[in-house]
Structure formats: structure tokens, C-alpha cells
Amino acid sequence: MMAHSAPAVPIVDFSPFYSQNETERLNTGTAIFEALRDVGFVYLINHRVSKELLAEALSQSRAFFDLPLQDKLKAPHPPESWNQRGYSQIGQEKISLYPDALNTGTESDADRTSLTDVLECKESFDLGRENDTITPNIYPPPELLPNFRDVTIRLFNTLPNFGLDVLRALALGLQLKDENFFSHFHGKDGQEAPMNQLRLLHYPPVSKEAARKGGITRIAPHTDKGTITLLIQEDDSVGGLEVEAQRGGRYVPAPVIPGSILLNIGDLLQMWSNDTLRSTRHRIGVPLVDVAQESGEWLLPRRFSIPYFIAPDRDVVVECLDTPLCWGEGRPKKHEPVKAWDYIVKNMEGAY
Ligand SMILES: O=C(O)CCC(=O)C(=O)O
Ligand SMILES: [Fe+2]
């Protein structure tokens with residue numbers, strides 16, 4: 001039997017952060033810091049986010065995507081890439097068209113151009129805070145799914161509490177003077193943050209026939225743009241997510257770990273950290289199927305996931321953190337200060 005090697009994406013138990021013991025809290029933060037510095041992704045276990053709520057949201061997501069297309073289209077995504085609200089059908093969004101702003105990837109320009117010809121077989125539903133005037137939510141009519149709005153908004157309002165705890169732990173790991181540093185830039189203590197975005201994702205099943213023909217993927221290689229992303233996956237979901245585990249290195253699988261939340265960072269936190277932390281590229285591909293392979297219709301079952309993107313408020317200026325772990329003697333500042341909203345809008349351009 002082959003020995004199992006250690007997973008490339010580290011696993012951190014988050015529960016010691018909730019203890020009264022300062023050393024345990026600091027150790028949790030340090031473990032998260034090191035994982036985000038070395039890999040850019042980390043599984044968090046024992047996180048205290050309600051399992052029932054996560055299950056309810058995944059079940060509402062399933063119910064939504066099971067609706068006929070014409071019903072899903074009653075909540076259409078607006079034409080602008082940055083206005084991430086409502087339903088996007090298969091092929092509508094091309095993540096491969098995101099500019100590769102921080103140049104963290106390995107693909108050559110030619111490879112990236114060829115990626116834009118590939119169909120991303122995914123559909124999504126996005127929402128943000130209620131009552132936002134710039135990007136109001138776009139919901140399907142309530143008679144189609146009576147609990148959809150309530151459950152998704154509850155998850156939208158719950159996850160930032162955990163997200164900010166993670167950012168508090170990270171602030172300790174980064175040796176920032178103020179453990180609440182990031183809380184000042186993400187809504188009123190996490191709530192009502194205008195740039196936070198909850199995305200329900202469905203990747204339909206992939207047939208062997210479609211895989212043989214080629215030209216399809218599930219999600220093209222990309223980096224996330226905001227501060228952090230919390231990824232919820234169904235416990236028994238098919239995996240497929242791969243992360244570029246080392247700078248310029250190979251992609252390694254990030255399989256589903258039941259009960260965990262997978263954390264990664266976006267470009268703005270990489271810039272905040274003066275490139276100390278990694279906004280790591282990730283993707284979900286479709287394996288190539290050999291024509292000679294034995295019969296059977298399906299290659300991949302459907303996949304559901306829910307990423308929650310936590311991003312700084314629109315007018316926040318992101319500039320190098322004041323900590324020796326990011327900046328100082330021999331570590332000059334690498335980025336000009338950038339306004340969060342400008343960066344996100346510019347770097348999502350063209351994807352719709
Ligand atoms: O579906 C997934 O697991 C990954 C989604 C993702 O990377 C994204 O939406 O940015
Ligand atoms: Fe992503």
C-alpha cells in the first residue's frame with residue numbers, strides 16, 4: 001500500500017483561539033499565518049459556525065439550481081462584472097478573463113489566452129448585504145423558493161463573525177499591535193460590509209463524452225481579489241479544487257475535509273502584507289478522458305460549493321501593514337497604496 005503523504009494544504013484546529021489562554025490564541029494565529037504565507041490556503045476545523053445553517057444553505061442552493069432555467073433567469077445577474085448579484089448561467093462568467101494582477105501564476109500568456117476559449121461549466125447565484133444601493137440584491141420571486149432569501153441572508157450575516165475571528169487570529173500571527181486591526185475595515189464589526197459577497201456555486205455533472213471532446217473546465221485558474229475567502233463544501237461533495245501550492249510550482253489537490261471551512265486569501269490581503277501572504281491561484285479542472293476508456297456515461301458528479309468573499313469596505317485604502325513580518329530592513333514596500341473598490345472593480349473587469 002502506498003503511504004499517504006501529508007496534505008499539501010495544512011489543517012489548523014481553530015478552537016484554541018476561543019480559549020482564555022493567550023499562548024493558545026497566539027499559537028493558532030501563528031499556525032494560520034504560516035499556512036497563508038507558505039501555501040495561501042488552510043483548512044480550519046472546529047470553527048463553531050452552525051452546521052445546521054451550512055446544511056440549510058447548501059440545501060437551498062440545491063433547490064435553487066434545480067429550478068428550470070427560465071425560473072433562475074428571473075433573478076438575472078446584471079451585465080457589469082463587478083456587480084456580483086443574482087444568477088449567472090453556464091458560460092456567462094469567464095474567470096479566465098480576470099487580469100492576473102499580482103502575477104503569481106505560472107501559465108504563460110499564450111496558455112492564459114487559450115484558457116479563455118475554454119467553457120467554464122458552472123452556474124452561480126450571488127448576494128450581498130440587504131439594502132445596498134449600489135449593488136442591490138436580486139432574488140428569485142419568493143413563491144418559487146419561500147425560504148431562500150431568509151436562509152442565504154442569515155448565512156451572509158453569520159459568516160463575517162467567524163471571518164473576523166480568523167482575521168483577529170491572523171493579526172496575532174502577523175504581530176500587529178491591534179488584534180482588531182482588520183475589523184476596522186470590514187463593515188461595522190463585520191456586519192453590513194458592502195463588499196462582502198456570498199456565492200452559491202453549482203458545477204453540473206460532466207459526461208465522459210463532454211470530457212472527451214475537451215474545451216471544458218469547472219473554474220479556470222484565478223486568484224480571489226478581496227481580503228479572505230471562506231469556502232464551504234458539502235461533506236460528501238466531489239472535490240476537484242486544486243491550489244498552486246508553491247510559487248511557480250505545481251497544483252496540488254485540496255480535497256473535501258468534512259466539517260472544515262477552507263480559508264484562502266485574496267489579492268488585497270497579499271498587498272496589505274507586502275506579498276508576505278500568498279493570494280494563491282486555484283482551479284477546478286475536468287480530467288481528460290482517454291477514448292479507449294471503458295464505457296459509462298458520467299465522469300464527474302455535480303458539485304456544490306459556497307465561497308464567501310470578505311473584502312474591505314469600498315473606500316478603504318490598502319497599504320503595507322506596520323509589522324516587521326511584512327516590512328522593514330531589506331524588505332521595501334512593494335505596492336503603492338490602493339483603494340479597495342478601485343482594485344476590485346478593475347480586476348474583475350471583462351469577466352461578464
Ligand atoms: O467551487 C469552488 O470550490 C471554488 C470557487 C472559487 O474559487 C471562486 O468562486 O472563487
Ligand atoms: Fe476562487
# chains A, B, ... in the order shown; residues from 1 in each chain; ligands from 1
>>> select_by_dssp(residues="segment 15-125 of chain A", states="strand (DSSP E)", output="VMD selection string")
chain A and resid 41 to 45 86 to 88 119 to 120 123 to 125
>>> write_last_selection(atoms="all heavy atoms", output="tab-separated table (two decimals), in the first residue's frame")
chain	number	residue	atom	x	y	z
A	41	PHE	N	-3.55	28.73	1.51
A	41	PHE	CA	-4.80	28.03	1.83
A	41	PHE	C	-4.62	27.29	3.15
A	41	PHE	O	-3.52	26.80	3.43
A	41	PHE	CB	-5.14	26.98	0.76
A	41	PHE	CG	-5.90	27.52	-0.42
A	41	PHE	CD1	-5.26	28.26	-1.40
A	41	PHE	CD2	-7.26	27.26	-0.57
A	41	PHE	CE1	-5.96	28.75	-2.50
A	41	PHE	CE2	-7.97	27.74	-1.67
A	41	PHE	CZ	-7.33	28.48	-2.64
A	42	VAL	N	-5.69	27.18	3.95
A	42	VAL	CA	-5.62	26.38	5.18
A	42	VAL	C	-7.04	25.90	5.52
A	42	VAL	O	-8.01	26.64	5.38
A	42	VAL	CB	-4.98	27.18	6.34
A	42	VAL	CG1	-5.70	28.50	6.62
A	42	VAL	CG2	-4.90	26.36	7.63
A	43	TYR	N	-7.14	24.63	5.92
A	43	TYR	CA	-8.43	24.10	6.41
A	43	TYR	C	-8.58	24.49	7.87
A	43	TYR	O	-7.65	24.27	8.66
A	43	TYR	CB	-8.47	22.58	6.35
A	43	TYR	CG	-8.44	21.98	4.97
A	43	TYR	CD1	-7.23	21.52	4.42
A	43	TYR	CD2	-9.60	21.83	4.22
A	43	TYR	CE1	-7.21	20.94	3.16
A	43	TYR	CE2	-9.58	21.24	2.97
A	43	TYR	CZ	-8.38	20.80	2.45
A	43	TYR	OH	-8.35	20.22	1.21
A	44	LEU	N	-9.73	25.03	8.23
A	44	LEU	CA	-10.00	25.33	9.63
A	44	LEU	C	-11.03	24.33	10.14
A	44	LEU	O	-12.12	24.20	9.56
A	44	LEU	CB	-10.50	26.76	9.78
A	44	LEU	CG	-9.48	27.82	9.30
A	44	LEU	CD1	-10.08	29.21	9.34
A	44	LEU	CD2	-8.19	27.76	10.13
A	45	ILE	N	-10.66	23.60	11.21
A	45	ILE	CA	-11.61	22.66	11.80
A	45	ILE	C	-12.01	23.18	13.18
A	45	ILE	O	-11.34	24.04	13.75
A	45	ILE	CB	-11.04	21.23	11.88
A	45	ILE	CG1	-9.70	21.21	12.63
A	45	ILE	CG2	-10.83	20.65	10.48
A	45	ILE	CD1	-9.21	19.81	12.94
A	86	GLY	N	-27.30	38.08	-8.10
A	86	GLY	CA	-28.23	37.30	-8.90
A	86	GLY	C	-27.59	36.11	-9.61
A	86	GLY	O	-26.47	35.70	-9.30
A	87	TYR	N	-28.33	35.59	-10.58
A	87	TYR	CA	-28.00	34.31	-11.20
A	87	TYR	C	-27.19	34.46	-12.49
A	87	TYR	O	-27.55	35.24	-13.37
A	87	TYR	CB	-29.30	33.56	-11.52
A	87	TYR	CG	-29.08	32.31	-12.33
A	87	TYR	CD1	-28.39	31.21	-11.78
A	87	TYR	CD2	-29.52	32.21	-13.65
A	87	TYR	CE1	-28.16	30.07	-12.53
A	87	TYR	CE2	-29.31	31.06	-14.40
A	87	TYR	CZ	-28.62	30.00	-13.83
A	87	TYR	OH	-28.40	28.87	-14.57
A	88	SER	N	-26.10	33.69	-12.58
A	88	SER	CA	-25.29	33.62	-13.81
A	88	SER	C	-25.36	32.21	-14.35
A	88	SER	O	-25.01	31.26	-13.64
A	88	SER	CB	-23.82	33.93	-13.52
A	88	SER	OG	-23.71	35.15	-12.82
A	119	LEU	N	-14.81	26.55	-21.96
A	119	LEU	CA	-16.09	26.84	-21.30
A	119	LEU	C	-16.01	26.46	-19.82
A	119	LEU	O	-15.61	25.34	-19.49
A	119	LEU	CB	-17.20	26.03	-21.99
A	119	LEU	CG	-18.58	26.14	-21.33
A	119	LEU	CD1	-19.16	27.55	-21.49
A	119	LEU	CD2	-19.53	25.09	-21.93
A	120	GLU	N	-16.35	27.40	-18.95
A	120	GLU	CA	-16.39	27.10	-17.52
A	120	GLU	C	-17.78	26.57	-17.18
A	120	GLU	O	-18.76	27.31	-17.22
A	120	GLU	CB	-16.07	28.35	-16.71
A	120	GLU	CG	-14.61	28.78	-16.83
A	120	GLU	CD	-14.28	30.03	-16.03
A	120	GLU	OE1	-14.51	30.05	-14.82
A	120	GLU	OE2	-13.81	30.99	-16.65
A	123	GLU	N	-22.57	27.34	-12.73
A	123	GLU	CA	-23.59	28.39	-12.63
A	123	GLU	C	-23.55	28.90	-11.21
A	123	GLU	O	-23.14	28.19	-10.28
A	123	GLU	CB	-24.98	27.88	-13.04
A	123	GLU	CG	-25.40	26.61	-12.37
A	123	GLU	CD	-26.78	26.11	-12.80
A	123	GLU	OE1	-27.57	26.86	-13.41
A	123	GLU	OE2	-27.10	24.94	-12.46
A	124	SER	N	-23.94	30.16	-11.01
A	124	SER	CA	-23.77	30.74	-9.68
A	124	SER	C	-24.92	31.68	-9.32
A	124	SER	O	-25.64	32.18	-10.20
A	124	SER	CB	-22.44	31.50	-9.61
A	124	SER	OG	-22.36	32.44	-10.66
A	125	PHE	N	-25.06	31.91	-8.01
A	125	PHE	CA	-26.01	32.92	-7.52
A	125	PHE	C	-25.28	33.74	-6.47
A	125	PHE	O	-24.72	33.19	-5.51
A	125	PHE	CB	-27.26	32.27	-6.91
A	125	PHE	CG	-28.24	33.29	-6.43
A	125	PHE	CD1	-29.23	33.79	-7.27
A	125	PHE	CD2	-28.16	33.82	-5.13
A	125	PHE	CE1	-30.13	34.77	-6.84
A	125	PHE	CE2	-29.04	34.80	-4.69
A	125	PHE	CZ	-30.02	35.27	-5.55
>>> residues_near_ligand(ligand="ligand 2", cutoff="10 Å", atoms="only C-alpha atoms and all ligand atoms", output="PyMOL selection string")
chain A and resi 95+219-225+229-231+241+243+264-266+279-284+307-309
>>> closest_residue(among="A:Arg314, A:Lys346, A:Lys122, A:His184", to="Ile216 of chain A", atoms="only C-alpha atoms")
A:Lys122
>>> closest_residue(among="A:Cys326, A:Gly187, A:Ile310, A:Trp298", to="Asp267 of chain A", atoms="only C-alpha atoms")
A:Ile310
>>> closest_residue(among="A:Trp82, A:Trp272, A:Phe17, A:Phe304", to="Ser61 of chain A", atoms="only C-alpha atoms")
A:Phe304
>>> closest_residue(among="A:Ala340, A:Leu198, A:Val345, A:Leu299", to="ligand 1", atoms="only C-alpha atoms and all ligand atoms")
A:Leu198
>>> closest_residue(among="A:Thr276, A:Ser50, A:Thr227, A:Ser305", to="ligand 1", atoms="only C-alpha atoms and all ligand atoms")
A:Ser305
>>> select_by_dssp(residues="segment 56-293 of chain A", states="alpha helix (DSSP H)", output="PDB file with C-alpha atoms, in the first residue's frame")
ATOM      1  CA  GLU A  56     -29.693  24.582   5.238  1.00  0.00           C
ATOM      2  CA  ALA A  57     -27.843  26.924   2.874  1.00  0.00           C
ATOM      3  CA  LEU A  58     -26.494  24.026   0.813  1.00  0.00           C
ATOM      4  CA  SER A  59     -29.987  22.581   0.592  1.00  0.00           C
ATOM      5  CA  GLN A  60     -31.447  25.943  -0.544  1.00  0.00           C
ATOM      6  CA  SER A  61     -28.649  26.142  -3.099  1.00  0.00           C
ATOM      7  CA  ARG A  62     -29.543  22.709  -4.451  1.00  0.00           C
ATOM      8  CA  ALA A  63     -33.224  23.695  -4.635  1.00  0.00           C
ATOM      9  CA  PHE A  64     -32.373  26.898  -6.492  1.00  0.00           C
ATOM     10  CA  PHE A  65     -30.148  25.265  -9.097  1.00  0.00           C
ATOM     11  CA  LEU A  69     -33.601  27.723 -16.311  1.00  0.00           C
ATOM     12  CA  GLN A  70     -36.410  30.163 -17.061  1.00  0.00           C
ATOM     13  CA  ASP A  71     -37.134  30.476 -13.329  1.00  0.00           C
ATOM     14  CA  LYS A  72     -33.481  31.009 -12.417  1.00  0.00           C
ATOM     15  CA  ASP A 109       0.435  34.494 -21.667  1.00  0.00           C
ATOM     16  CA  ALA A 110      -0.229  32.072 -24.527  1.00  0.00           C
ATOM     17  CA  ASP A 111      -1.572  29.449 -22.133  1.00  0.00           C
ATOM     18  CA  ARG A 112      -3.789  32.018 -20.470  1.00  0.00           C
ATOM     19  CA  THR A 113      -5.200  33.164 -23.798  1.00  0.00           C
ATOM     20  CA  SER A 114      -6.037  29.592 -24.744  1.00  0.00           C
ATOM     21  CA  LEU A 115      -7.804  29.235 -21.391  1.00  0.00           C
ATOM     22  CA  PHE A 148     -34.241  31.035   0.015  1.00  0.00           C
ATOM     23  CA  ARG A 149     -33.814  34.688   0.877  1.00  0.00           C
ATOM     24  CA  ASP A 150     -34.057  34.190   4.630  1.00  0.00           C
ATOM     25  CA  VAL A 151     -31.517  31.336   4.761  1.00  0.00           C
ATOM     26  CA  THR A 152     -28.978  32.921   2.436  1.00  0.00           C
ATOM     27  CA  ILE A 153     -29.114  36.271   4.229  1.00  0.00           C
ATOM     28  CA  ARG A 154     -28.736  34.512   7.578  1.00  0.00           C
ATOM     29  CA  LEU A 155     -25.588  32.827   6.290  1.00  0.00           C
ATOM     30  CA  PHE A 156     -24.421  36.125   4.803  1.00  0.00           C
ATOM     31  CA  ASN A 157     -24.783  37.787   8.217  1.00  0.00           C
ATOM     32  CA  THR A 158     -23.296  34.900  10.212  1.00  0.00           C
ATOM     33  CA  LEU A 159     -20.073  34.126   8.365  1.00  0.00           C
ATOM     34  CA  PRO A 160     -18.400  37.531   8.933  1.00  0.00           C
ATOM     35  CA  ASN A 161     -18.352  36.852  12.692  1.00  0.00           C
ATOM     36  CA  PHE A 162     -16.165  33.857  12.012  1.00  0.00           C
ATOM     37  CA  GLY A 163     -14.245  35.666   9.269  1.00  0.00           C
ATOM     38  CA  LEU A 164     -13.307  38.454  11.662  1.00  0.00           C
ATOM     39  CA  ASP A 165     -12.250  35.929  14.308  1.00  0.00           C
ATOM     40  CA  VAL A 166      -9.952  34.420  11.696  1.00  0.00           C
ATOM     41  CA  LEU A 167      -8.603  37.892  10.904  1.00  0.00           C
ATOM     42  CA  ARG A 168      -8.069  38.514  14.652  1.00  0.00           C
ATOM     43  CA  ALA A 169      -6.074  35.305  14.887  1.00  0.00           C
ATOM     44  CA  LEU A 170      -4.127  36.318  11.797  1.00  0.00           C
ATOM     45  CA  ALA A 171      -3.440  39.758  13.283  1.00  0.00           C
ATOM     46  CA  LEU A 172      -1.838  37.988  16.275  1.00  0.00           C
ATOM     47  CA  GLY A 173       0.163  35.759  13.906  1.00  0.00           C
ATOM     48  CA  LYS A 208     -17.327  11.264 -20.401  1.00  0.00           C
ATOM     49  CA  GLU A 209     -18.453  12.311 -23.850  1.00  0.00           C
ATOM     50  CA  ALA A 210     -18.071  16.018 -22.975  1.00  0.00           C
ATOM     51  CA  ALA A 211     -14.690  15.430 -21.363  1.00  0.00           C
ATOM     52  CA  ARG A 212     -13.502  13.530 -24.437  1.00  0.00           C
ATOM     53  CA  LYS A 213     -14.468  16.428 -26.674  1.00  0.00           C
ATOM     54  CA  ASP A 267      -5.013  39.887  -3.666  1.00  0.00           C
ATOM     55  CA  LEU A 268      -5.795  42.788  -1.318  1.00  0.00           C
ATOM     56  CA  LEU A 269      -4.552  40.902   1.750  1.00  0.00           C
ATOM     57  CA  GLN A 270      -1.452  39.863  -0.184  1.00  0.00           C
ATOM     58  CA  MET A 271      -0.834  43.570  -0.886  1.00  0.00           C
ATOM     59  CA  TRP A 272      -1.623  44.536   2.728  1.00  0.00           C
TER      60      TRP A 272
END
>>> atom_distance(atom1="atom CA of Arg303 of chain A", atom2="atom CA of Ala55 of chain A")
14.5 Å
>>> closest_residue(among="A:Thr323, A:Ser295, A:Ser96, A:Gln233", to="ligand 1", atoms="only C-alpha atoms and all ligand atoms")
A:Gln233
>>> atom_distance(atom1="atom CA of Arg48 of chain A", atom2="atom CA of Arg25 of chain A")
15.5 Å
>>> atom_distance(atom1="atom CA of Gln84 of chain A", atom2="atom CA of Asp126 of chain A")
5.8 Å
>>> residues_around(residues="Pro324 of chain A", least_positions_apart="2", cutoff="12 Å", atoms="only C-alpha atoms", output="ChimeraX atom specification")
/A:173-177,273-274,276,320-322,326-333
>>> write_last_selection(atoms="C-alpha atoms", output="PDB file, in the first residue's frame")
ATOM      1  CA  GLY A 173       0.163  35.759  13.906  1.00  0.00           C
ATOM      2  CA  LEU A 174       1.274  38.862  11.989  1.00  0.00           C
ATOM      3  CA  GLN A 175       2.349  40.512  15.276  1.00  0.00           C
ATOM      4  CA  LEU A 176       0.100  43.521  14.645  1.00  0.00           C
ATOM      5  CA  LYS A 177      -0.324  45.807  17.642  1.00  0.00           C
ATOM      6  CA  SER A 273       1.052  42.023   3.778  1.00  0.00           C
ATOM      7  CA  ASN A 274       3.599  43.288   1.243  1.00  0.00           C
ATOM      8  CA  THR A 276       4.303  38.044   2.717  1.00  0.00           C
ATOM      9  CA  CYS A 320       1.592  47.867   3.761  1.00  0.00           C
ATOM     10  CA  LEU A 321       0.992  46.628   7.338  1.00  0.00           C
ATOM     11  CA  ASP A 322       3.211  48.044  10.023  1.00  0.00           C
ATOM     12  CA  CYS A 326       5.965  42.312   6.374  1.00  0.00           C
ATOM     13  CA  TRP A 327       8.154  45.347   6.100  1.00  0.00           C
ATOM     14  CA  GLY A 328      11.477  46.756   7.340  1.00  0.00           C
ATOM     15  CA  GLU A 329      15.210  46.498   6.810  1.00  0.00           C
ATOM     16  CA  GLY A 330      15.776  44.691   3.498  1.00  0.00           C
ATOM     17  CA  ARG A 331      12.021  44.397   2.861  1.00  0.00           C
ATOM     18  CA  PRO A 332      10.956  47.510   0.967  1.00  0.00           C
ATOM     19  CA  LYS A 333       7.305  48.257   0.271  1.00  0.00           C
TER      20      LYS A 333
END
>>> residues_around(residues="Asn83 of chain A", least_positions_apart="2", cutoff="10 Å", atoms="only C-alpha atoms", output="PyMOL selection string")
chain A and resi 77-81+85-86+126-127+134-137+345+348+352
>>> decode(residues="segment 121-135 of chain A", atoms="N, CA, C and O atoms", output="PDB file, in the first residue's frame")
ATOM      1  N   CYS A 121     -17.849  25.271 -16.882  1.00  0.00           N
ATOM      2  CA  CYS A 121     -19.152  24.629 -16.630  1.00  0.00           C
ATOM      3  C   CYS A 121     -19.582  24.837 -15.189  1.00  0.00           C
ATOM      4  O   CYS A 121     -19.438  23.963 -14.329  1.00  0.00           O
ATOM      5  N   LYS A 122     -20.073  26.034 -14.923  1.00  0.00           N
ATOM      6  CA  LYS A 122     -20.564  26.352 -13.587  1.00  0.00           C
ATOM      7  C   LYS A 122     -21.703  27.341 -13.714  1.00  0.00           C
ATOM      8  O   LYS A 122     -21.787  28.072 -14.708  1.00  0.00           O
ATOM      9  N   GLU A 123     -22.575  27.342 -12.734  1.00  0.00           N
ATOM     10  CA  GLU A 123     -23.594  28.388 -12.630  1.00  0.00           C
ATOM     11  C   GLU A 123     -23.554  28.899 -11.205  1.00  0.00           C
ATOM     12  O   GLU A 123     -23.137  28.189 -10.283  1.00  0.00           O
ATOM     13  N   SER A 124     -23.940  30.157 -11.007  1.00  0.00           N
ATOM     14  CA  SER A 124     -23.770  30.745  -9.678  1.00  0.00           C
ATOM     15  C   SER A 124     -24.918  31.682  -9.324  1.00  0.00           C
ATOM     16  O   SER A 124     -25.638  32.177 -10.204  1.00  0.00           O
ATOM     17  N   PHE A 125     -25.061  31.908  -8.015  1.00  0.00           N
ATOM     18  CA  PHE A 125     -26.007  32.922  -7.522  1.00  0.00           C
ATOM     19  C   PHE A 125     -25.276  33.737  -6.467  1.00  0.00           C
ATOM     20  O   PHE A 125     -24.723  33.194  -5.514  1.00  0.00           O
ATOM     21  N   ASP A 126     -25.248  35.048  -6.655  1.00  0.00           N
ATOM     22  CA  ASP A 126     -24.512  35.935  -5.743  1.00  0.00           C
ATOM     23  C   ASP A 126     -25.434  36.848  -4.968  1.00  0.00           C
ATOM     24  O   ASP A 126     -26.452  37.321  -5.492  1.00  0.00           O
ATOM     25  N   LEU A 127     -25.044  37.115  -3.722  1.00  0.00           N
ATOM     26  CA  LEU A 127     -25.780  38.112  -2.947  1.00  0.00           C
ATOM     27  C   LEU A 127     -24.847  38.847  -2.012  1.00  0.00           C
ATOM     28  O   LEU A 127     -23.737  38.388  -1.733  1.00  0.00           O
ATOM     29  N   GLY A 128     -25.320  40.003  -1.556  1.00  0.00           N
ATOM     30  CA  GLY A 128     -24.558  40.812  -0.618  1.00  0.00           C
ATOM     31  C   GLY A 128     -25.479  41.325   0.483  1.00  0.00           C
ATOM     32  O   GLY A 128     -26.548  40.760   0.716  1.00  0.00           O
ATOM     33  N   ARG A 129     -25.069  42.423   1.118  1.00  0.00           N
ATOM     34  CA  ARG A 129     -25.879  42.921   2.232  1.00  0.00           C
ATOM     35  C   ARG A 129     -27.221  43.430   1.711  1.00  0.00           C
ATOM     36  O   ARG A 129     -27.324  43.900   0.567  1.00  0.00           O
ATOM     37  N   GLU A 130     -28.213  43.333   2.572  1.00  0.00           N
ATOM     38  CA  GLU A 130     -29.530  43.856   2.232  1.00  0.00           C
ATOM     39  C   GLU A 130     -29.452  45.379   2.177  1.00  0.00           C
ATOM     40  O   GLU A 130     -28.625  45.999   2.856  1.00  0.00           O
ATOM     41  N   ASN A 131     -30.287  45.983   1.353  1.00  0.00           N
ATOM     42  CA  ASN A 131     -30.426  47.440   1.277  1.00  0.00           C
ATOM     43  C   ASN A 131     -29.206  48.185   0.755  1.00  0.00           C
ATOM     44  O   ASN A 131     -29.071  49.381   1.020  1.00  0.00           O
ATOM     45  N   ASP A 132     -28.317  47.516   0.059  1.00  0.00           N
ATOM     46  CA  ASP A 132     -27.209  48.253  -0.540  1.00  0.00           C
ATOM     47  C   ASP A 132     -27.740  48.968  -1.783  1.00  0.00           C
ATOM     48  O   ASP A 132     -28.449  48.372  -2.597  1.00  0.00           O
ATOM     49  N   THR A 133     -27.385  50.240  -1.917  1.00  0.00           N
ATOM     50  CA  THR A 133     -27.955  50.998  -3.035  1.00  0.00           C
ATOM     51  C   THR A 133     -27.138  50.837  -4.316  1.00  0.00           C
ATOM     52  O   THR A 133     -27.669  50.985  -5.413  1.00  0.00           O
ATOM     53  N   ILE A 134     -25.845  50.552  -4.187  1.00  0.00           N
ATOM     54  CA  ILE A 134     -25.014  50.430  -5.388  1.00  0.00           C
ATOM     55  C   ILE A 134     -25.169  49.041  -6.017  1.00  0.00           C
ATOM     56  O   ILE A 134     -25.265  48.900  -7.234  1.00  0.00           O
ATOM     57  N   THR A 135     -25.186  48.020  -5.174  1.00  0.00           N
ATOM     58  CA  THR A 135     -25.339  46.652  -5.682  1.00  0.00           C
ATOM     59  C   THR A 135     -26.490  45.957  -4.931  1.00  0.00           C
ATOM     60  O   THR A 135     -26.258  45.085  -4.094  1.00  0.00           O
TER      61      THR A 135
END
